Each structure stands twice: as structure tokens, then as C-alpha cells.
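Chemist: My structure is below; once you've seen it, I'll send some questions.
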Amino acid sequence: MKATAIIILLIGNNFVFAQTTLTGRVTESDSITAIPYALVSIEGTTIGTLTDRNGDFTLYNITPDQVVLAVSSMGYQTQKISLSTAYSQKISISIILNEIVTDLPTSVVNSASLTGGINGLKNLPGSAIYVAPKELVKFSYTDINRTLRAIPGVNIQEEDGFGLRPNIGLRGTGSERSSKITLMEDGVLIAPAPYSAPAAYYFPTIGRMQAVEIMKGSSQIQYGPFTTGGAINLISTSIPEHLKARINITAGSFGSRNMHAFVGSTKGPFGFLAETYQYSATGFKDLQGGGNTGFIKTDYLLKLKWKSKEKARINQSIALKLGQSNENSNETYLGLSQNDFEQSPLMRYAASKKDNMLTKQNQITLSYFVALSKKIQITTTAYYTDFGRNWYKLDKVKDSSGTSISIASLLITPEKYADAFRIVNGGTSYNSNALELKANNRNYQSNGIQTLMNYQFKTKAIKQNVQFGARYHRDDVDRFQWIDKYAMQNSQMKLTEIGKAGTESNVITTAEAFSSYVLYHFQYNKIRITPGLRYEDIKLVNKDYEKTDTERTGVKLKEDNNRSKAFIPGVSAHYTFNRLWTSFAGIHKGFAPAGASENSKPENSVNYEFGAKYTHHNRETKLVLFLSDYSNLLGADLAASGGAGSGELLNQGKANVKGIEFQGTYDPISGKNKKIQLPITLVYTLTHAIFQTSFNSEFEGWGPVTKGDEMPYIAKNQMALLINAEHKTFMTTLSVRYNGAMRTIAGRGPLVVSTSTDEAIIIDWAGTFRITQNIDFFATVTNITNKVYIVSRNPAGARPGLPRAVNFGIKFNLI
């Protein structure tokens with residue numbers, strides 16, 4: 001996919017007295033969206049400049065000669081254009097840069113990108129959204145929750161205020177630990193164990209990402225194993241085509257410190273990128289008795305690639321990615337009682353002082369691409385990740401009578417357990433083992449190999465494309481947990497009993513899966529039809545060694561096996577009425593893997609969508625209607641949702657989720673003012689999620705369910721308004737988000753305060769100001785009004801959203 005240049009030469013009559021002046025504009029592939037701060041230079045000279053906010057540039061005093069104009073921007077392919085210049089010549093040039101959404105050749109970009117970037121969206125069936133690099137840098141969010149709030153159809157349950165462990169669903173799927181979506185980085189599964197333990201206690205750091213893709217509807221059946229709601233793919237920083245080095249430094253509220261730096265280049269057939277992202281804060285909660293409630297996160301990434309020469313008989317490339325991520329966070333499952341939240345919403349109880357999460361994630365991917373011909377391309381990727389974590393946190397409290405109470409039950413009715421609640425607040429315990437802290441020590445491994453073949457062919461009237469993919473995958477989770485016991489003495493915790501590893505949970509769950517899919521694109525005139533079929537074959541084995549066999553001799557081994565096979569069909573149709581109006585419709589089967597228990601069945605649904613899109617030069621509107629009809633909905637026993645934390649998947653019967661997604665963008669001064677742009681975006685999502693079966697749920701996150709009850713943690717109404725002002729010397733964005741209140745347990749009728757979150761209007765602001773061509777100053781204010789609101793009552797008790805936070809930073813383009 002080559003960049004395009006349209007050159008218009010306006011040659012003056014006088015060739016004697018003046019040198020050449022070159023003006024132009026740099027845009028994306030739609031020929032409308034400007035690319036600000038692109039580097040425009042004449043090779044072999046010191047003549048160069050950066051484009052302004054409108055993508056415009058001017059170069060003066062160009063010596064008459066045959067020159068090469070080079071145009072580059074991070075995340076886009078470099079364009080080089082040969083020009084013949086003469087005296088007194090004035091040249092006007094329009095340049096289109098295409099995105100680099102991966103480090104692989106653009107002809108097979110879909111192997112690591114779901115959409116193929118903005119240019120690829122128009123060829124996709126169903127609903128898809130691509131968050132481009134320039135959109136991510138507006139707020140430079142370190143919290144994926146805030147990044148996705150402006151995306152229609154996304155359901156979010158916040159937890160810690162910093163986005164360390166996101167809870168994300170799409171179109172009404174469960175959001176607990178993002179366990180119902182297919183999560184990827186550069187097109188590769190990235191959840192710690194997506195088949196055997198899909199709860200994603202690791203989530204890629206959004207701050208080091210170049211772009212984000214969200215697939216919904218029939219377009220995402222090739223991205224299993226979860227095909228009901230959709231898939232999210234995070235695209236990491238690509239290897240630059242020329243030497244680049246950049247460093248961003250941020251500091252601000254709650255002791256936050258943030259540093260993002262990378263250097264990379266391509267020389268001949270070889271390229272590299274070295275990157276680090278380091279983020280920390282001291283926390284915004286006030287721990288009784290004092291203490292740090294923050295975190296430290298560090299990411300390191302190395303990319304290497306080799307590609308054959310452009311004129312090689314066979315086009316090939318090899319790409320290697322190595323990454324490591326570390327976290328040390330003083331996070332807790334312990335929230336607040338309703339009364340304490342109303343009095344001191346940022347307080348943290350003394351009994352959570354020792355709560356801490358330690359994690360380490362390593363990833364390796366190796367990709368090989370070969371173009372057998374202009375019509376056939378194949379990409380094969382081998383991948384490996386390991387993730388270790390130990391979340392050491394308060395689990396139960398024992399009062400003076402010896403009664404043990406879970407922290408979730410304690411905070412629902414603290415008056416019922418007054419003595420235990422007094423101990424949680426720092427009161428001296430009469431029982432020496434009053435506080436039980438569980439070491440949720442788990443290790444995950446995930447590895448596999450996947451291949452993608454793309455075959456393109458066409459006749460005079462028909463364009464066709466066949467895509468085939470296959471993946472062999474294996475993952476496992478090893479739960480080797482224990483409980484330590486503490487006494488509380490005057491708000492200080494004293495260790496009284498050290499537990500033995502394996503005596504709380506001693507279980508290994510393993511998954512082995514083979515999946516494949518075929519997708520056929522057929523386009524004739526104005527209509528495009530895309531049928532597809534996915535196949536999943538999953539074997540799950542659960543080995544429980546029992547809590548007394550910590551050496552794992554197997555003398556008390558209990559083993560469960562489960563196997564599920566599924567064909568997952570889907571089809572979509574897209575029709576172009578004219579250059580302004582298009583529409584699409586799709587139907588596909590939704591699927592989620594079963595658990596290891598023999599009684600566990602896969603989640604199944606039938607999903608429908610219908611949408612229309614209107615595009616004009618200064619406005620774009622998209623409306624989508626969706627329906628997910630579940631025949632078997634799965635719930636997971638997660639401590640994060642108030643359960644016991646076994647991870648077991650539970651069959652929960654029928655359900656129905658339907659809704660509306662709307663997104664509209666309008667620039668009221670487009671074409672009237674060339675110096676400034678004012679794009680305004682409005683996003684709205686309406687979701688109705690209803691149980692169609694009555695049952696007594698073993699899943700505490702739902703509670704007892706009656707047919708007709710609304711599902712918990714799905715907001716009925718969500719809205720976002722973004723107002724941008726873009727000039728060559730500054731860019732500023734105001735974000736106004738409305739989050740509707742959500743039920744925290746299944747129910748119907750008016751919401752009850754004790755079993756719901758708060759509705760909230762959150763206003764954020766961000767501004768970037770150009771100091772020099774290579775230095776930008778930026779500032780952000782999150783939650784400007786300092787709104788106090790409950791974002792969740794899971795895992796245990798009421799939890800606040802992030803208070804007002806002010807951050808300042810500076811961006812250096814070193815090379």
C-alpha cells in the first residue's frame with residue numbers, strides 16, 4: 001500500500017531573481033484529515049519544517065535542482081517525492097500519508113491489525129472503530145477506561161481510579177476483569193490465560209500504545225475465542241522508517257510521575273525500536289494510620305525486524321518483539337460502607353494496610369511474512385507470554401466470638417458485624433488471628449502459533465478476497481495460594497500466623513485449543529457481502545491437588561475434564577447508496593468457552609446489527625442498532641465480583657441485550673477558517689440487558705435472579721461530548737462524559753442507593769502548546785469539578801472515582 005502524492009505545479013514567468021518556494025498540505029488517506037507536526041524536508045540539505053495544525057507547510061529558498069522531498073510522521077509511512085525545481089518557481093503539493101499500523105508489510109496488515117487503520121475501516125463488515133495516534137495523544141491518558149469512554153457500545157466498571165485492572169465489556173457482555181472480550185496486542189492474544197482463566201488481571205499499558213481498535217458485530221468472528229461482544233486490539237509503537245527519538249515527561253496530582261521514551265530507526269533491511277514506559281503515583285486514598293496507597297508500573301519493549309529488498313523476487317520479512325511489564329501496587333479489594341463513603345469517600349480502612357499486588361509479565365512474538373505473489377500473502381506468528389502475580393489482600397475478618405465474615409458481607413451490613421467492623425477500622429482485636437489475608441499467588445502461561453493467508457482476485461466487475469486463518473494455542477493457570485493471619489493493635493497489623501503455600505488453593509487448570517476461520521469478501525458494484533465461519537475445539541483439564549497435598553504427589557488428586565467444539569458462522573452486507581450514505585447489516589453466532597467442569601457449557605447467542613453512516617466533508621454520523629439473544633449466559637466466580645475466586649464458569653440461562661449506538665462529528669467552521677479547526681463529537685449508547693430466566697445464581701455478582709431482571713453493571717445510558725480546538729500553535733480538548741447509574745445486583749424498578757453506583761458527569765480538559773518545533777508543553781485536568789461518585793461496589797464495598805487531578809508535562813522530539 002503506497003502513499004499517494006498529487007502535485008500541482010504553478011510556474012511563474014520570471015526565472016531569474018527568486019528561488020523556489022514550496023507550499024503544501026499533508027493529510028491522511030481520506031484526503032481530508034490533516035496530519036499536524038509532520039516533518040517535511042529536502043534530503044541532503046538543512047531546509048525543513050513541520051506542518052501546522054492544519055497539515056500545511058511552506059519551504060523557502062530551495063535551490064534549482066532535482067530534489068527529493070521527504071515527508072514523515074510517527075505512525076505513518078514516509079513518502080519521498082522527486083521534484084525538478086527552477087528559478088522563480090512556486091510549487092503547490094498535496095501529500096497523502098498512509099498509516100503504519102504494524103511493523104509488518106502493509107499488504108498483510110490484518111495479521112496484526114484488526115481494521116487496517118482508518119483506510120481499512122471502509123472494507124470491514126460490521127462495526128469497527130479505530131482510535132488513531134493523534135486521538136490518543138490529545139489526553140495522553142494512562143487509564144484505558146478513560147480512553148474507551150468516548151467509544152459507543154463499550155461498558156466499563158471502574159475499580160481503582162487509575163485503570164490498573166480494567167473491567168471492560170462490549171455491547172452488554174459481562175465486564176468483570178474484561179473476561180468476555182477477546183483482548184489482543186498487535187493481533188496476538190494477550191490475556192494471561194484466555195481459555196483456562198480469561199479474567200484479565202494483566203492489561204497492556206495504554207500509555208505506550210500507538211492506536212486502539214475495537215471490533216463489534218459480525219466483523220469479529222475471526223478474532224475468537226469470544227465472539228459475542230467483540231475484540232479489542234492495542235497496537236504498540238511501530239518501528240520508525242528513519243531515526244527517531246522521543247521522550248515525554250509528566251508530573252502532577254497524587255504524586256504521579258510518568259516517563260515515556262523510545263528510540264528507533266530503519267537502515268537498509270534492518271530496523272529496531274527500544275522503548276520504556278514508567279508510571280507511578282502515591283495514591284489518592286487516605287489510609288487510616290497513614291501509608292502509601294499508590295503504585296509503580298514499568299514497561300520495557302524491544303522490536304527488531306528484517307525485510308527483503310523491494311525488488312526481491314520474493315517479498316519477505318521477519319519481526320521479533322520482546323516485552324516485560326512489572327507492577328507493584330498497594331491496591332485492595334476493601335471498599336467502604338455506605339455511611340463511611342458519604343462521610344469520607346477517599347478513606348481506606350486500616351485493615352487494608354498490607355494489601356499489595358505484585359506482577360511480572362513477559363512476552364515474546366516472532367512473525368514471518370512472505371508474499372508468494374501479488375495475490376497471495378502469508379503471515380505466521382509464534383507467541384509466548386508468562387504472567388506471575390500475587391495479590392496479597394484482606395479476605396475475611398474474625399470477631400471476638402470467633403465468627404469469620406467475608407469483607408463483602410461485612411461492608412453490606414456493617415451494623416450486623418459491629419465488632420468485626422471495629423477491627424477493620426483499626427480497633428484492637430481480642431482474637432489473635434482476627435484478620436485473614438489471602439496470598440492469591442498465581443502463575444499463568446500462554447503460547448501458540450497462528451497463521452493467516454490472504455488471497456485476492458477480481459474480474460472486471462467483481463472484487464473478491466479470501467482470508468484463511470488457523471491457530472494452535474495452549475494456556476494454563478497455577479493457583480498456589482495461602483492465608484496469613486494478623487492481629488490488630490491500635491491501628492497496626494501484627495503478623496501472628498504464616499500460612500503454607502498451597503493450603504488455600506492448590507489447582508492447575510490447562511487449556512488446549514485449535515481454532516480456524518475462513519472469511520470471504522465479495523464486492524459487486526455498490527454491494528459488499530462477507531460470509532465467514534469460525535471453528536473452535538477446546539480441551540480443558542482441571543487438576544485439584546487438595547489443600548493438604550502441597551507437594552502435589554497426587555494422592556488426593558481430583559481431575560475434571562471438559563471439551564467443547566463449535567462452528568461459529570456469521571455474515572454481513574454493506575451497501576453504498578452514494579458518496580454520502582452507506583448502510584450495513586449483520587448476523588453472527590456468539591460464543592464463549594465453557595469452564596473445566598463437566599457440567600459447564602459454552603456461552604451461546606445469536607447477534608444482530610443494523611447500521612447506517614452519513615459522511616460529508618465537515619460532518620460524519622453513524623447509527624447502529626444491535627441485539628444479542630443469549631441461549632446460555634455464563635457467569636464467573638471471581639473474587640473481583642464478590643465471589644469466592646475459584647474462577648469456575650457457571651451456566652445462567654437465557655438473556656437478551658439490545659441497544660443503540662450513535663456517533664456524530666461536526667466542524668462548524670470547516671472551510672470558513674483555515675487557521676483553526678473546531679471538530680465536535682457526540683457519542684451516545686443506550687443498552688437494555690434483561691435476564692430471560694429465573695434462577696438462584698451461585699455467582700454472587702448477580703445474586704438471586706428473576707426473569708425480567710436487569711443485569712448488573714451495565715449502564716442504560718452513556719454519553720460523551722468532545723469539543724476540540726486545533727491551531728498550528730496549540731490544541732485543546734474538552735471532554736464531558738455522562739455515566740449512567742448501574743445496578744450492582746440483578747433487579748428491576750427504581751434503583752436503590754445501597755445496590756447501585758452513582759450517575760456522574762465528568763469533565764476533563766487537555767491542552768498542548770508548541771514551544772519550538774521539537775518541544776511541546778501539555779497539561780491535563782481530570783474531573784474538573786471534583787465530582788465525588790461511586791463507580792463500583794465490587795469487590796467489597798463502595799469505591800470512589802478518581803478525584804480532580806492536574807498534570808503537566810513536556811514532550812521532546814530529540815531526533
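Note on naming: chains are A, B, ... as they come in the C-alpha cells, residues start from 1 per chain, ligands start from 1 in the order shown.
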DSSP on the backbone: what in stretch 145-224 of chain A comes out alpha helix (DSSP H), as a PyMOL selection string?

Modeler: chain A and resi 145-148

Chemist: Atoms to include: N, CA, C and O atoms. Write the selected residues as a PDB file, in the first residue's frame.

Modeler:
```pdb
ATOM      1  N   ASN A 145      -9.719   2.970  30.669  1.00  0.00           N
ATOM      2  CA  ASN A 145     -11.138   3.262  30.875  1.00  0.00           C
ATOM      3  C   ASN A 145     -11.512   4.615  30.296  1.00  0.00           C
ATOM      4  O   ASN A 145     -12.555   4.778  29.650  1.00  0.00           O
ATOM      5  N   ARG A 146     -10.686   5.617  30.546  1.00  0.00           N
ATOM      6  CA  ARG A 146     -10.978   6.956  30.046  1.00  0.00           C
ATOM      7  C   ARG A 146     -10.817   7.033  28.528  1.00  0.00           C
ATOM      8  O   ARG A 146     -11.523   7.780  27.849  1.00  0.00           O
ATOM      9  N   THR A 147      -9.893   6.270  27.983  1.00  0.00           N
ATOM     10  CA  THR A 147      -9.709   6.234  26.538  1.00  0.00           C
ATOM     11  C   THR A 147     -10.959   5.693  25.849  1.00  0.00           C
ATOM     12  O   THR A 147     -11.387   6.201  24.812  1.00  0.00           O
ATOM     13  N   LEU A 148     -11.574   4.667  26.438  1.00  0.00           N
ATOM     14  CA  LEU A 148     -12.703   3.993  25.797  1.00  0.00           C
ATOM     15  C   LEU A 148     -14.053   4.608  26.124  1.00  0.00           C
ATOM     16  O   LEU A 148     -15.062   4.221  25.533  1.00  0.00           O
TER      17      LEU A 148
END
```

Chemist: List as a list in words the protein and nucleic acid residues near A:Pro240, meaning an atom at most 8 Å away when only C-alpha atoms are counted, but skip any in the same chain fewer than 2 places from it.

Modeler: Met74, Gly75, Ser238, His242, Leu243, Lys244, Gly264, Ser265, Thr266, Gly271 and Leu273 of chain A

Chemist: If you count only C-alpha atoms, which residues fall within 7 Å of A:Lys728, apart from same-chain ones fewer than 2 positions away, as a PyMOL selection string?

Modeler: chain A and resi 52-54+726+730

Chemist: Name all residues at most 12 Å from A:Asn258 (count only C-alpha atoms; drop same-chain ones fewer than 2 positions away) and give them as a VMD selection string.

Modeler: chain A and resid 140 to 142 207 to 208 247 to 253 255 to 256 260 to 261 276 to 281 295 to 299 807 to 811

Chemist: Please report, as JSON lines, each residue of stretch 423-497 of chain A lying at most 10 Å from stretch 221-233 of chain A, together with the nearest pair of atoms and the separation in Å rounded to one decimal; use only C-alpha atoms, and order rows by chain and ascending residue number.

Modeler:
```
{"residue": "A:Gln467", "atom": "CA", "partner": "A:Gln222", "partner_atom": "CA", "distance": 9.6}
{"residue": "A:Phe468", "atom": "CA", "partner": "A:Gln222", "partner_atom": "CA", "distance": 9.1}
{"residue": "A:Gly469", "atom": "CA", "partner": "A:Gln222", "partner_atom": "CA", "distance": 7.7}
{"residue": "A:Ala470", "atom": "CA", "partner": "A:Gln222", "partner_atom": "CA", "distance": 9.4}
```

Chemist: Limited to N, CA and C atoms, could you put the picked residues into a file as a compact mmCIF listing (two decimals), in the first residue's frame?

Modeler:
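Written file, out22.txt:
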```txt
# COMPACT_ATOMS: atom_id res chain seq x y z
N GLN A 467 -9.80 -14.94 3.03
CA GLN A 467 -8.85 -14.92 4.13
C GLN A 467 -9.04 -16.18 4.96
N PHE A 468 -7.94 -16.87 5.18
CA PHE A 468 -7.99 -18.09 5.98
C PHE A 468 -7.01 -17.96 7.14
N GLY A 469 -7.44 -18.36 8.32
CA GLY A 469 -6.57 -18.30 9.49
C GLY A 469 -6.70 -19.55 10.34
N ALA A 470 -5.63 -19.90 11.01
CA ALA A 470 -5.64 -21.06 11.92
C ALA A 470 -4.72 -20.75 13.09
```

Chemist: Please identify all polymer residues within 8 Å of stretch 505-517 of chain A, counting only C-alpha atoms, omitting same-chain residues fewer than 3 positions from it, and present them as number ranges by chain.

Modeler: A: 195-197, 222, 468-482, 502, 532-547, 550, 596
